[in-house]
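**Q** Supplied structure: entry-v1.tsv, TSV, C-alpha atoms and all ligand atoms.
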chain	number	residue	atom	x	y	z
C	1136	MET	CA	0.00	0.00	0.00
C	1137	ARG	CA	2.95	2.27	0.61
C	1138	SER	CA	4.26	2.11	-2.93
C	1139	SER	CA	2.56	4.57	-5.21
C	1140	PRO	CA	2.92	5.83	-8.72
C	1141	THR	CA	5.45	8.64	-8.79
C	1142	THR	CA	3.45	10.26	-11.55
C	1143	GLY	CA	1.44	13.31	-10.58
C	1144	PRO	CA	-0.54	16.01	-12.34
C	1145	ASP	CA	1.30	17.89	-15.10
C	1146	ALA	CA	2.06	21.61	-15.00
C	1147	GLU	CA	-1.07	22.51	-16.98
C	1148	THR	CA	-3.32	20.55	-14.59
C	1149	ILE	CA	-1.71	22.29	-11.61
C	1150	ALA	CA	-2.09	25.70	-13.30
C	1151	ARG	CA	-5.79	24.96	-13.92
C	1152	ALA	CA	-6.25	23.95	-10.27
C	1153	ALA	CA	-4.56	27.19	-9.19
C	1154	ARG	CA	-7.01	29.16	-11.34
C	1155	THR	CA	-9.89	27.25	-9.75
C	1156	LEU	CA	-8.63	28.16	-6.27
C	1157	ARG	CA	-8.15	31.81	-7.27
C	1158	GLY	CA	-11.73	31.82	-8.55
C	1159	GLY	CA	-12.98	30.72	-5.12
C	1160	GLY	CA	-13.26	26.99	-5.92
C	1161	LEU	CA	-12.38	23.95	-3.82
C	1162	VAL	CA	-9.41	21.81	-4.89
C	1163	ALA	CA	-8.25	18.61	-3.20
C	1164	PHE	CA	-4.50	18.15	-3.44
C	1165	PRO	CA	-1.86	15.74	-2.15
C	1166	THR	CA	0.42	16.62	0.73
C	1167	GLU	CA	3.07	14.46	2.40
C	1168	THR	CA	0.70	13.93	5.37
C	1169	VAL	CA	-2.79	13.36	3.90
C	1170	TYR	CA	-4.82	14.88	1.04
C	1171	GLY	CA	-6.03	18.41	1.81
C	1172	LEU	CA	-9.09	20.29	0.59
C	1173	GLY	CA	-7.98	23.78	-0.36
C	1174	ALA	CA	-9.83	27.09	-0.52
C	1175	ARG	CA	-8.66	30.73	-0.59
C	1176	ALA	CA	-8.07	31.77	3.02
C	1177	ASP	CA	-8.93	35.38	2.14
C	1178	ALA	CA	-12.40	34.63	0.74
C	1179	THR	CA	-15.36	34.33	3.10
C	1180	THR	CA	-17.60	32.51	0.62
C	1181	ALA	CA	-14.94	29.97	-0.36
C	1182	ILE	CA	-14.27	29.21	3.33
C	1183	ALA	CA	-17.99	28.89	4.07
C	1184	ARG	CA	-18.30	26.37	1.24
C	1185	LEU	CA	-15.25	24.46	2.55
C	1186	TYR	CA	-16.86	24.08	6.01
C	1187	ALA	CA	-20.16	23.06	4.38
C	1188	VAL	CA	-18.64	20.44	2.04
C	1189	LYS	CA	-16.74	18.85	4.94
C	1190	GLY	CA	-19.67	19.16	7.34
C	1191	ARG	CA	-17.13	20.69	9.69
C	1192	PRO	CA	-18.30	22.40	12.90
C	1193	ALA	CA	-17.74	26.15	12.67
C	1194	ALA	CA	-15.76	26.04	15.93
C	1195	ASN	CA	-12.99	23.87	14.44
C	1196	PRO	CA	-10.35	26.16	12.86
C	1197	LEU	CA	-8.42	25.45	9.65
C	1198	ILE	CA	-4.71	25.26	8.88
C	1199	VAL	CA	-3.46	27.79	6.33
C	1200	HIS	CA	-0.94	26.47	3.82
C	1201	VAL	CA	1.64	28.63	2.06
C	1202	ALA	CA	4.54	27.93	-0.31
C	1203	SER	CA	7.39	29.44	1.71
C	1204	VAL	CA	8.54	30.73	5.08
C	1205	ASP	CA	8.48	34.24	3.59
C	1206	ALA	CA	4.80	33.87	2.74
C	1207	ALA	CA	4.09	32.63	6.29
C	1208	LEU	CA	5.92	35.64	7.77
C	1209	ARG	CA	3.33	37.89	6.12
C	1210	LEU	CA	0.48	36.18	8.00
C	1211	ALA	CA	1.68	36.11	11.60
C	1212	PRO	CA	4.43	37.47	13.84
C	1213	PHE	CA	7.16	34.84	14.23
C	1214	GLU	CA	9.07	35.01	17.50
C	1215	ALA	CA	12.39	33.21	18.00
C	1216	ARG	CA	10.89	29.76	18.70
C	1217	ALA	CA	8.65	30.01	15.62
C	1218	ARG	CA	11.59	30.97	13.43
C	1219	ASP	CA	13.69	28.11	14.80
C	1220	LEU	CA	10.91	25.54	14.26
C	1221	ALA	CA	10.21	26.84	10.75
C	1222	ALA	CA	13.91	26.64	9.91
C	1223	ALA	CA	14.12	23.09	11.28
C	1224	PHE	CA	10.93	21.57	9.86
C	1225	TRP	CA	9.58	23.57	6.90
C	1226	PRO	CA	8.74	22.53	4.32
C	1227	GLY	CA	7.30	19.63	6.27
C	1228	PRO	CA	4.60	18.19	8.53
C	1229	LEU	CA	4.67	20.77	11.33
C	1230	THR	CA	1.85	23.28	11.95
C	1231	LEU	CA	2.53	26.35	14.07
C	1232	VAL	CA	-0.28	28.10	15.96
C	1233	LEU	CA	0.70	31.77	16.29
C	1234	PRO	CA	-0.97	35.07	17.08
C	1235	ARG	CA	-2.49	36.48	13.90
C	1236	PHE	CA	-1.84	39.92	12.48
C	1237	PRO	CA	-5.11	41.79	13.07
C	1238	ALA	CA	-4.89	43.23	9.54
C	1239	SER	CA	-4.25	39.81	7.96
C	1240	GLU	CA	-6.20	39.11	4.77
C	1241	VAL	CA	-7.03	35.67	6.17
C	1242	VAL	CA	-10.73	35.82	7.02
C	1243	PRO	CA	-11.72	35.29	10.69
C	1244	THR	CA	-13.77	32.14	9.97
C	1245	VAL	CA	-10.55	30.33	8.96
C	1246	SER	CA	-9.50	30.50	12.64
C	1247	ALA	CA	-13.07	29.96	13.87
C	1248	GLY	CA	-12.95	33.51	15.25
C	1249	LEU	CA	-9.87	32.85	17.43
C	1250	PRO	CA	-7.15	35.51	17.66
C	1251	SER	CA	-4.64	32.91	16.44
C	1252	LEU	CA	-3.65	31.33	13.13
C	1253	ALA	CA	-2.40	27.83	12.29
C	1254	VAL	CA	0.09	27.82	9.42
C	1255	ARG	CA	2.31	25.33	7.63
C	1256	VAL	CA	4.52	24.93	4.55
C	1257	PRO	CA	3.98	21.40	3.19
C	1258	SER	CA	6.82	19.54	1.45
C	1259	HIS	CA	4.91	17.58	-1.19
C	1260	PRO	CA	6.11	18.81	-4.60
C	1261	VAL	CA	2.56	18.99	-6.02
C	1262	ALA	CA	1.31	20.95	-2.98
C	1263	LEU	CA	4.28	23.33	-3.25
C	1264	ALA	CA	3.80	23.78	-7.01
C	1265	LEU	CA	0.10	24.54	-6.51
C	1266	LEU	CA	0.69	26.97	-3.63
C	1267	THR	CA	3.46	28.73	-5.56
C	1268	LYS	CA	1.25	29.07	-8.62
C	1269	VAL	CA	-1.82	30.33	-6.72
C	1270	ASP	CA	0.31	32.73	-4.64
C	1271	LEU	CA	-2.35	33.16	-1.93
C	1272	PRO	CA	-2.74	31.62	1.54
C	1273	ILE	CA	-4.83	28.47	1.14
C	1274	ALA	CA	-6.84	26.97	4.01
C	1275	ALA	CA	-6.66	23.19	3.66
C	1276	PRO	CA	-8.11	20.79	6.21
C	1277	SER	CA	-7.97	17.08	5.45
C	1278	ALA	CA	-10.17	16.27	2.43
C	1279	ASN	CA	-12.66	14.04	4.25
C	1280	ARG	CA	-16.14	14.49	5.67
C	1281	SER	CA	-15.74	15.84	9.20
C	1282	GLY	CA	-15.06	13.08	11.72
C	1283	ARG	CA	-14.30	10.40	9.13
C	1284	VAL	CA	-11.05	8.73	8.10
C	1285	SER	CA	-8.51	11.07	6.50
C	1286	PRO	CA	-7.70	10.40	2.82
C	1287	THR	CA	-4.21	9.29	1.84
C	1288	ARG	CA	-5.14	8.70	-1.82
C	1289	ALA	CA	-7.14	10.63	-4.41
C	1290	GLU	CA	-9.65	7.72	-4.58
C	1291	HIS	CA	-10.45	8.23	-0.88
C	1292	VAL	CA	-11.26	11.89	-1.56
C	1293	LYS	CA	-13.45	10.94	-4.51
C	1294	ALA	CA	-15.33	8.37	-2.43
C	1295	GLN	CA	-16.04	10.84	0.42
C	1296	LEU	CA	-16.47	14.18	-1.36
C	1297	GLY	CA	-16.91	13.26	-5.03
C	1298	GLU	CA	-18.75	15.87	-7.05
C	1299	ARG	CA	-18.84	18.36	-4.17
C	1300	VAL	CA	-15.29	19.53	-4.93
C	1301	ASP	CA	-14.19	21.30	-8.12
C	1302	ALA	CA	-10.98	19.34	-8.74
C	1303	ILE	CA	-8.88	16.55	-7.24
C	1304	LEU	CA	-5.15	16.43	-7.99
C	1305	ASP	CA	-3.92	12.83	-7.91
C	1306	ALA	CA	-0.30	12.06	-7.02
C	1307	GLY	CA	-0.71	8.57	-5.55
C	1308	ALA	CA	-0.40	7.74	-1.87
C	1309	SER	CA	0.73	10.27	0.74
C	1310	ALA	CA	4.15	9.17	2.00
C	1311	ILE	CA	3.62	9.90	5.72
C	1312	GLY	CA	-0.08	9.12	6.06
C	1313	LEU	CA	-0.64	10.97	9.37
C	1314	GLU	CA	-1.53	14.63	9.87
C	1315	SER	CA	0.96	17.32	10.84
C	1316	THR	CA	1.99	17.85	14.44
C	1317	VAL	CA	0.26	21.02	15.68
C	1318	VAL	CA	2.36	23.13	18.08
C	1319	SER	CA	0.98	26.19	19.84
C	1320	LEU	CA	3.40	29.02	20.53
C	1321	LEU	CA	0.73	31.32	21.97
C	1322	GLY	CA	1.78	31.22	25.60
C	1323	ALA	CA	5.15	31.33	27.26
C	1324	ASP	CA	5.13	27.52	27.21
C	1325	ALA	CA	4.96	25.84	23.83
C	1326	ALA	CA	2.54	22.92	23.68
C	1327	ILE	CA	1.54	20.16	21.29
C	1328	LEU	CA	-2.16	20.52	20.40
C	1329	ARG	CA	-2.20	17.47	18.12
C	1330	GLU	CA	0.33	14.64	17.99
C	1331	GLY	CA	1.44	13.98	14.45
C	1332	ALA	CA	4.12	13.19	11.95
C	1333	ILE	CA	6.92	14.95	13.87
C	1334	GLU	CA	7.70	13.47	17.25
C	1335	ARG	CA	7.63	15.49	20.45
C	1336	ALA	CA	11.33	14.76	21.09
C	1337	ALA	CA	12.34	16.23	17.71
C	1338	ILE	CA	10.51	19.47	18.53
C	1339	GLU	CA	12.02	19.61	22.01
C	1340	ARG	CA	15.50	19.28	20.52
C	1341	VAL	CA	14.87	22.62	18.77
C	1342	ILE	CA	12.98	24.72	21.35
C	1343	GLY	CA	13.39	22.87	24.63
C	1344	PRO	CA	10.75	21.23	26.84
C	1345	LEU	CA	7.11	21.46	25.79
C	1346	ARG	CA	4.27	21.86	28.24
C	1347	ALA	CA	2.78	18.49	29.17
C	1348	ALA	CA	-0.43	17.66	27.32
C	1349	ALA	CA	-3.54	19.09	28.99
C	1350	PRO	CA	-5.31	16.39	31.01
C	1351	GLY	CA	-8.80	17.11	29.63
C	1352	PRO	CA	-10.17	15.49	26.48
C	1353	ALA	CA	-10.15	18.60	24.31
C	1354	HIS	CA	-7.02	20.73	24.23
C	1355	ALA	CA	-7.46	22.03	20.68
C	1356	PRO	CA	-10.73	23.14	19.14
C	1357	GLY	CA	-12.50	20.22	17.55
C	1358	MET	CA	-10.20	17.65	19.12
C	1359	GLY	CA	-12.45	16.27	21.85
C	1360	GLN	CA	-14.92	14.11	20.02
C	1361	SER	CA	-14.87	11.05	17.83
C	1362	HIS	CA	-12.69	11.62	14.78
C	1363	TYR	CA	-10.85	9.65	12.06
C	1364	ALA	CA	-13.65	7.10	12.36
C	1365	PRO	CA	-14.61	4.43	9.85
C	1366	THR	CA	-18.30	3.45	9.74
C	1367	ARG	CA	-17.63	0.24	11.63
C	1368	LYS	CA	-16.66	0.29	15.31
C	1369	LEU	CA	-13.03	-0.21	16.29
C	1370	ARG	CA	-11.72	-2.56	19.00
C	1371	LEU	CA	-8.20	-1.65	20.06
C	1372	ASN	CA	-5.33	-3.72	21.51
C	1373	ALA	CA	-6.87	-6.89	20.07
C	1374	GLU	CA	-4.74	-10.03	20.03
C	1375	ALA	CA	-7.04	-12.02	17.73
C	1376	PRO	CA	-10.25	-11.40	15.79
C	1377	ARG	CA	-13.62	-12.34	17.27
C	1378	PRO	CA	-16.33	-13.78	15.02
C	1379	GLY	CA	-17.58	-11.14	12.58
C	1380	GLU	CA	-14.59	-8.85	13.05
C	1381	ALA	CA	-12.08	-7.66	10.47
C	1382	PHE	CA	-8.53	-7.83	11.83
C	1383	LEU	CA	-5.77	-5.31	11.35
C	1384	GLY	CA	-2.36	-6.64	12.38
C	1385	PHE	CA	0.93	-5.03	13.24
C	1386	GLY	CA	4.33	-6.67	13.29
C	1387	PRO	CA	5.60	-10.21	12.75
C	1388	GLY	CA	3.27	-11.71	15.39
C	1389	ALA	CA	0.10	-11.02	13.39
C	1390	PRO	CA	-1.78	-13.87	11.72
C	1391	ASN	CA	-0.50	-14.34	8.16
C	1392	GLU	CA	-3.89	-13.91	6.54
C	1393	ALA	CA	-4.62	-10.58	8.28
C	1394	LEU	CA	-4.08	-7.19	6.69
C	1395	ASN	CA	-0.88	-5.94	8.37
C	1396	LEU	CA	0.06	-2.29	8.98
C	1397	SER	CA	3.71	-3.33	8.91
C	1398	PRO	CA	4.78	-6.98	8.91
C	1399	SER	CA	8.25	-5.96	10.12
C	1400	GLY	CA	6.87	-3.73	12.89
C	1401	ASP	CA	8.03	-0.46	11.29
C	1402	LEU	CA	6.03	2.48	12.67
C	1403	ALA	CA	6.59	4.78	9.67
C	1404	GLU	CA	5.24	2.05	7.38
C	1405	ALA	CA	2.30	1.53	9.75
C	1406	ALA	CA	1.51	5.26	9.71
C	1407	ALA	CA	1.58	5.32	5.92
C	1408	ASN	CA	-0.82	2.34	5.77
C	1409	LEU	CA	-3.15	3.26	8.66
C	1410	TYR	CA	-5.98	5.20	7.00
C	1411	ALA	CA	-6.02	3.19	3.77
C	1412	SER	CA	-6.23	-0.02	5.86
C	1413	LEU	CA	-9.15	1.29	7.94
C	1414	ILE	CA	-10.94	2.29	4.73
C	1415	ALA	CA	-10.21	-1.10	3.13
C	1416	LEU	CA	-11.65	-3.01	6.13
C	1417	ASP	CA	-14.70	-0.76	6.56
C	1418	ARG	CA	-16.96	-3.22	4.74
C	1419	PRO	CA	-20.56	-4.36	5.36
C	1420	GLU	CA	-19.58	-7.98	5.99
C	1421	TYR	CA	-17.76	-6.97	9.18
C	1422	GLU	CA	-19.34	-5.91	12.46
C	1423	ALA	CA	-16.21	-4.21	13.72
C	1424	ILE	CA	-12.51	-3.75	13.03
C	1425	ALA	CA	-10.11	-5.18	15.63
C	1426	VAL	CA	-6.64	-3.63	15.69
C	1427	MET	CA	-3.53	-5.14	17.27
C	1428	PRO	CA	-1.59	-3.10	19.86
C	1429	ILE	CA	0.77	-0.47	18.49
C	1430	PRO	CA	3.79	0.46	20.65
C	1431	GLU	CA	3.41	3.87	22.32
C	1432	HIS	CA	6.69	5.40	21.20
C	1433	GLY	CA	7.92	7.39	18.21
C	1434	LEU	CA	5.22	7.63	15.51
C	1435	GLY	CA	3.22	5.09	17.52
C	1436	VAL	CA	2.12	7.97	19.79
C	1437	ALA	CA	0.31	9.70	16.90
C	1438	ILE	CA	-0.99	6.39	15.47
C	1439	ASN	CA	-2.49	5.49	18.85
C	1440	ASP	CA	-3.97	8.99	19.20
C	1441	ARG	CA	-5.80	8.49	15.88
C	1442	LEU	CA	-6.92	4.96	16.79
C	1443	ARG	CA	-8.27	6.08	20.18
C	1444	ARG	CA	-10.28	8.88	18.54
C	1445	ALA	CA	-11.52	6.51	15.83
C	1446	ALA	CA	-12.68	4.14	18.60
C	1447	ALA	CA	-14.27	6.89	20.73
C	1448	PRO	CA	-18.04	6.98	21.26
C	1449	ARG	CA	-19.58	8.53	18.15
C	1450	GLY	CA	-21.77	11.20	19.79
C	1451	ASP	CA	-23.31	13.41	17.12
C	1452	GLY	CA	-21.28	11.69	14.42
C	1453	ALA	CA	-19.55	14.94	13.42
C	1501	LIG	P1	-7.29	19.23	9.93
C	1501	LIG	O1	-8.73	19.43	9.74
C	1501	LIG	O2	-6.98	17.77	9.83
C	1501	LIG	O3	-6.45	20.06	9.03
C	1501	LIG	O4	-6.95	19.64	11.43
C	1501	LIG	C1	-6.60	20.94	11.80
C	1501	LIG	C2	-6.17	20.94	13.23
C	1501	LIG	O5	-5.53	22.17	13.55
C	1501	LIG	C3	-7.35	20.80	14.18
C	1501	LIG	O6	-7.00	19.94	15.22
C	1501	LIG	C4	-7.54	22.23	14.70
C	1501	LIG	O7	-8.12	22.24	15.97
C	1501	LIG	C5	-6.12	22.75	14.71
C	1501	LIG	N1	-6.08	24.21	14.61
C	1501	LIG	C6	-6.22	24.95	13.48
C	1501	LIG	N2	-6.18	26.27	13.77
C	1501	LIG	C7	-6.01	26.38	15.10
C	1501	LIG	C8	-5.91	27.48	16.00
C	1501	LIG	N3	-5.98	28.75	15.58
C	1501	LIG	N4	-5.75	27.22	17.32
C	1501	LIG	C9	-5.67	25.93	17.74
C	1501	LIG	N5	-5.77	24.84	16.94
C	1501	LIG	C10	-5.94	25.06	15.64
C	1502	MG	MG	-8.77	16.40	9.60
Can you give me the file's structure in the form of structure tokens?
Ligand code: AMP
Ligand code: MG
**A**
Amino acid sequence: MRSSPTTGPDAETIARAARTLRGGGLVAFPTETVYGLGARADATTAIARLYAVKGRPAANPLIVHVASVDAALRLAPFEARARDLAAAFWPGPLTLVLPRFPASEVVPTVSAGLPSLAVRVPSHPVALALLTKVDLPIAAPSANRSGRVSPTRAEHVKAQLGERVDAILDAGASAIGLESTVVSLLGADAAILREGAIERAAIERVIGPLRAAAPGPAHAPGMGQSHYAPTRKLRLNAEAPRPGEAFLGFGPGAPNEALNLSPSGDLAEAAANLYASLIALDRPEYEAIAVMPIPEHGLGVAINDRLRRAAAPRGDGA
């Protein structure tokens, strides 16, 4: 599942997608983490349509994507820690939550009315080419219906959003397969708001100790409820399937016939396969999906965060 065609959209297709974005349209595009659904961050109507197409609660803010550190510097004040993190990890799967310039052209609904802004420079060549061509800040949440499994392939976007988006750029499977790590630099203490593709230790090597995660369920807007969820229920830390269950293995101890996130026990491979595996097993013949334990270190921290949210009680199904 990790191998993917290296072919992507040609320059003309990217230029057309950039024109669609400039015109206020919605374009799904590949990033190294998952596929994003882009809209102009400076256009109220485009952002309203983005929330509507995703079914995203208005209180859950969006990440703004730009092509370069210079473009990001125009959106928010970068203090020393922000500059150091940008230098270390951009382009790449790190999102910084910063104060926003009050005069920023980014419309307030992008940040769900908060006085802050989440920003990142992705490293995927197609994402960078598109952002360079469009030359505007682009809000781009994951290109899935709110609360559902994030797409790591163009087919996943098509299945979830289909005709509701104006274009989908297809560049095969996302290499990382997990969302960016979201770091807040709003207070004196930096904090991780969402575990992700960059490990806590790597961030601490650049800016020193991070504040411990808040004990409550929701420490970032929209992070408290069920999320990343397939239609079928998930059973975590399963050693073997029960009757009627699909089984998702990890490592050499998994049954041979089971779908395996990584037969060798490699966490990066497991991350890359996670969402596509959940989508593949989300089939009517199964009552639930049982998932083997994933070690809680390195990328396993973010994988387990996603699995716990996918297994959480569904509530309003958002
Ligand atoms: P996604 O929809 O997958 O792109 O997720 C975006 C994540 O970034 C969510 O967890 C949001 O809560 C978080 N986020 C975006 N903007 C902000 C912000 N201004 N303050 C705190 N978290 C944010
Ligand atoms: Mg998402």
**Q** Let me make sure I understand: among C:His1259, C:Arg1280, C:Arg1218, C:Arg1346, which one has the smallest atom-to-atom distance to ligand MG 1502 (chain C) if we use all atoms listed in the file?
**A** C:Arg1280
**Q** Output the neighbourhood of ligand MG 1502 (chain C) as a ChimeraX atom specification, that is, all protein and nucleic acid residues with some atom at most 9 Å from the ligand, counting only C-alpha atoms and all ligand atoms.
**A** /C:1169,1171,1276-1285,1314,1362-1363
**Q** Could you give me, as JSON lines, every chain C residue with an atom at most 7 Å from ligand LIG 1501 (chain C), plus its closest atom pair and distance in Å to one decimal, counting all atoms listed in the file, rows ordered by chain then number?
**A**
{"residue": "C:Asn1195", "atom": "CA", "partner": "C:LIG1501", "partner_atom": "O7", "distance": 5.4}
{"residue": "C:Pro1196", "atom": "CA", "partner": "C:LIG1501", "partner_atom": "N2", "distance": 4.3}
{"residue": "C:Leu1197", "atom": "CA", "partner": "C:LIG1501", "partner_atom": "C6", "distance": 4.4}
{"residue": "C:Ile1198", "atom": "CA", "partner": "C:LIG1501", "partner_atom": "C6", "distance": 4.9}
{"residue": "C:Val1232", "atom": "CA", "partner": "C:LIG1501", "partner_atom": "C8", "distance": 5.7}
{"residue": "C:Ser1246", "atom": "CA", "partner": "C:LIG1501", "partner_atom": "N3", "distance": 4.9}
{"residue": "C:Leu1249", "atom": "CA", "partner": "C:LIG1501", "partner_atom": "N3", "distance": 5.9}
{"residue": "C:Ser1251", "atom": "CA", "partner": "C:LIG1501", "partner_atom": "N3", "distance": 4.5}
{"residue": "C:Leu1252", "atom": "CA", "partner": "C:LIG1501", "partner_atom": "N3", "distance": 4.3}
{"residue": "C:Ala1253", "atom": "CA", "partner": "C:LIG1501", "partner_atom": "N2", "distance": 4.3}
{"residue": "C:Ala1275", "atom": "CA", "partner": "C:LIG1501", "partner_atom": "O3", "distance": 6.2}
{"residue": "C:Pro1276", "atom": "CA", "partner": "C:LIG1501", "partner_atom": "O3", "distance": 3.4}
{"residue": "C:Ser1277", "atom": "CA", "partner": "C:LIG1501", "partner_atom": "O2", "distance": 4.5}
{"residue": "C:Glu1314", "atom": "CA", "partner": "C:LIG1501", "partner_atom": "O2", "distance": 6.3}
{"residue": "C:Val1317", "atom": "CA", "partner": "C:LIG1501", "partner_atom": "O5", "distance": 6.3}
{"residue": "C:Ser1319", "atom": "CA", "partner": "C:LIG1501", "partner_atom": "C9", "distance": 7.0}
{"residue": "C:Leu1328", "atom": "CA", "partner": "C:LIG1501", "partner_atom": "N5", "distance": 6.6}
{"residue": "C:Arg1329", "atom": "CA", "partner": "C:LIG1501", "partner_atom": "O6", "distance": 6.1}
{"residue": "C:Ala1355", "atom": "CA", "partner": "C:LIG1501", "partner_atom": "O7", "distance": 4.8}
{"residue": "C:Pro1356", "atom": "CA", "partner": "C:LIG1501", "partner_atom": "O7", "distance": 4.2}
{"residue": "C:Gly1357", "atom": "CA", "partner": "C:LIG1501", "partner_atom": "O7", "distance": 5.1}
{"residue": "C:Met1358", "atom": "CA", "partner": "C:LIG1501", "partner_atom": "O6", "distance": 5.5}
**Q** Name the closest residue to Leu1345 (chain C) among the candidates C:Val1204, C:Ala1325, C:Ala1176, C:Leu1416; distances are taken between atoms, counting all atoms listed in the file.
**A** C:Ala1325
**Q** Go ahead and fit an axis-aligned box to every listed atom of region 1260-1277 of chain C plus 5 Å each side, and pass me the centre and edge lengths in Å, one decimal, as JSON.
**A**
{"center_x": -1.0, "center_y": 25.1, "center_z": -1.2, "size_x": 24.2, "size_y": 26.1, "size_z": 24.8}
**Q** Starting from the sparse input, extend region 1242-1248 of chain C to all heavy atoms and give the output as an mmCIF file, keeping the file's coordinate frame.
**A**
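Once written, result.cif looks like this:
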data_model
loop_
_atom_site.group_PDB
_atom_site.id
_atom_site.type_symbol
_atom_site.label_atom_id
_atom_site.label_comp_id
_atom_site.auth_asym_id
_atom_site.auth_seq_id
_atom_site.Cartn_x
_atom_site.Cartn_y
_atom_site.Cartn_z
ATOM 1 N N VAL C 1242 -9.447 35.440 6.423
ATOM 2 C CA VAL C 1242 -10.730 35.820 7.020
ATOM 3 C C VAL C 1242 -10.904 35.140 8.386
ATOM 4 O O VAL C 1242 -10.365 34.052 8.621
ATOM 5 C CB VAL C 1242 -11.928 35.486 6.078
ATOM 6 C CG1 VAL C 1242 -11.811 36.291 4.788
ATOM 7 C CG2 VAL C 1242 -12.018 33.996 5.787
ATOM 8 N N PRO C 1243 -11.636 35.795 9.301
ATOM 9 C CA PRO C 1243 -11.720 35.290 10.690
ATOM 10 C C PRO C 1243 -12.291 33.871 10.793
ATOM 11 O O PRO C 1243 -11.901 33.121 11.687
ATOM 12 C CB PRO C 1243 -12.661 36.293 11.372
ATOM 13 C CG PRO C 1243 -12.567 37.541 10.549
ATOM 14 C CD PRO C 1243 -12.293 37.106 9.148
ATOM 15 N N THR C 1244 -13.171 33.477 9.868
ATOM 16 C CA THR C 1244 -13.770 32.140 9.970
ATOM 17 C C THR C 1244 -12.726 31.025 9.791
ATOM 18 O O THR C 1244 -12.926 29.914 10.258
ATOM 19 C CB THR C 1244 -14.889 31.955 8.931
ATOM 20 O OG1 THR C 1244 -14.431 32.428 7.668
ATOM 21 C CG2 THR C 1244 -16.139 32.705 9.346
ATOM 22 N N VAL C 1245 -11.616 31.332 9.107
ATOM 23 C CA VAL C 1245 -10.550 30.330 8.960
ATOM 24 C C VAL C 1245 -10.072 29.879 10.339
ATOM 25 O O VAL C 1245 -9.814 28.698 10.570
ATOM 26 C CB VAL C 1245 -9.374 30.898 8.129
ATOM 27 C CG1 VAL C 1245 -8.116 30.048 8.280
ATOM 28 C CG2 VAL C 1245 -9.770 30.997 6.663
ATOM 29 N N SER C 1246 -9.942 30.828 11.277
ATOM 30 C CA SER C 1246 -9.500 30.500 12.640
ATOM 31 C C SER C 1246 -10.682 30.354 13.580
ATOM 32 O O SER C 1246 -10.509 30.450 14.793
ATOM 33 C CB SER C 1246 -8.582 31.574 13.202
ATOM 34 O OG SER C 1246 -7.758 32.119 12.240
ATOM 35 N N ALA C 1247 -11.873 30.122 13.040
ATOM 36 C CA ALA C 1247 -13.070 29.960 13.870
ATOM 37 C C ALA C 1247 -13.209 31.116 14.856
ATOM 38 O O ALA C 1247 -13.649 30.937 15.988
ATOM 39 C CB ALA C 1247 -13.038 28.615 14.606
ATOM 40 N N GLY C 1248 -12.804 32.320 14.425
ATOM 41 C CA GLY C 1248 -12.950 33.510 15.250
ATOM 42 C C GLY C 1248 -11.878 33.682 16.318
ATOM 43 O O GLY C 1248 -11.891 34.675 17.048
#
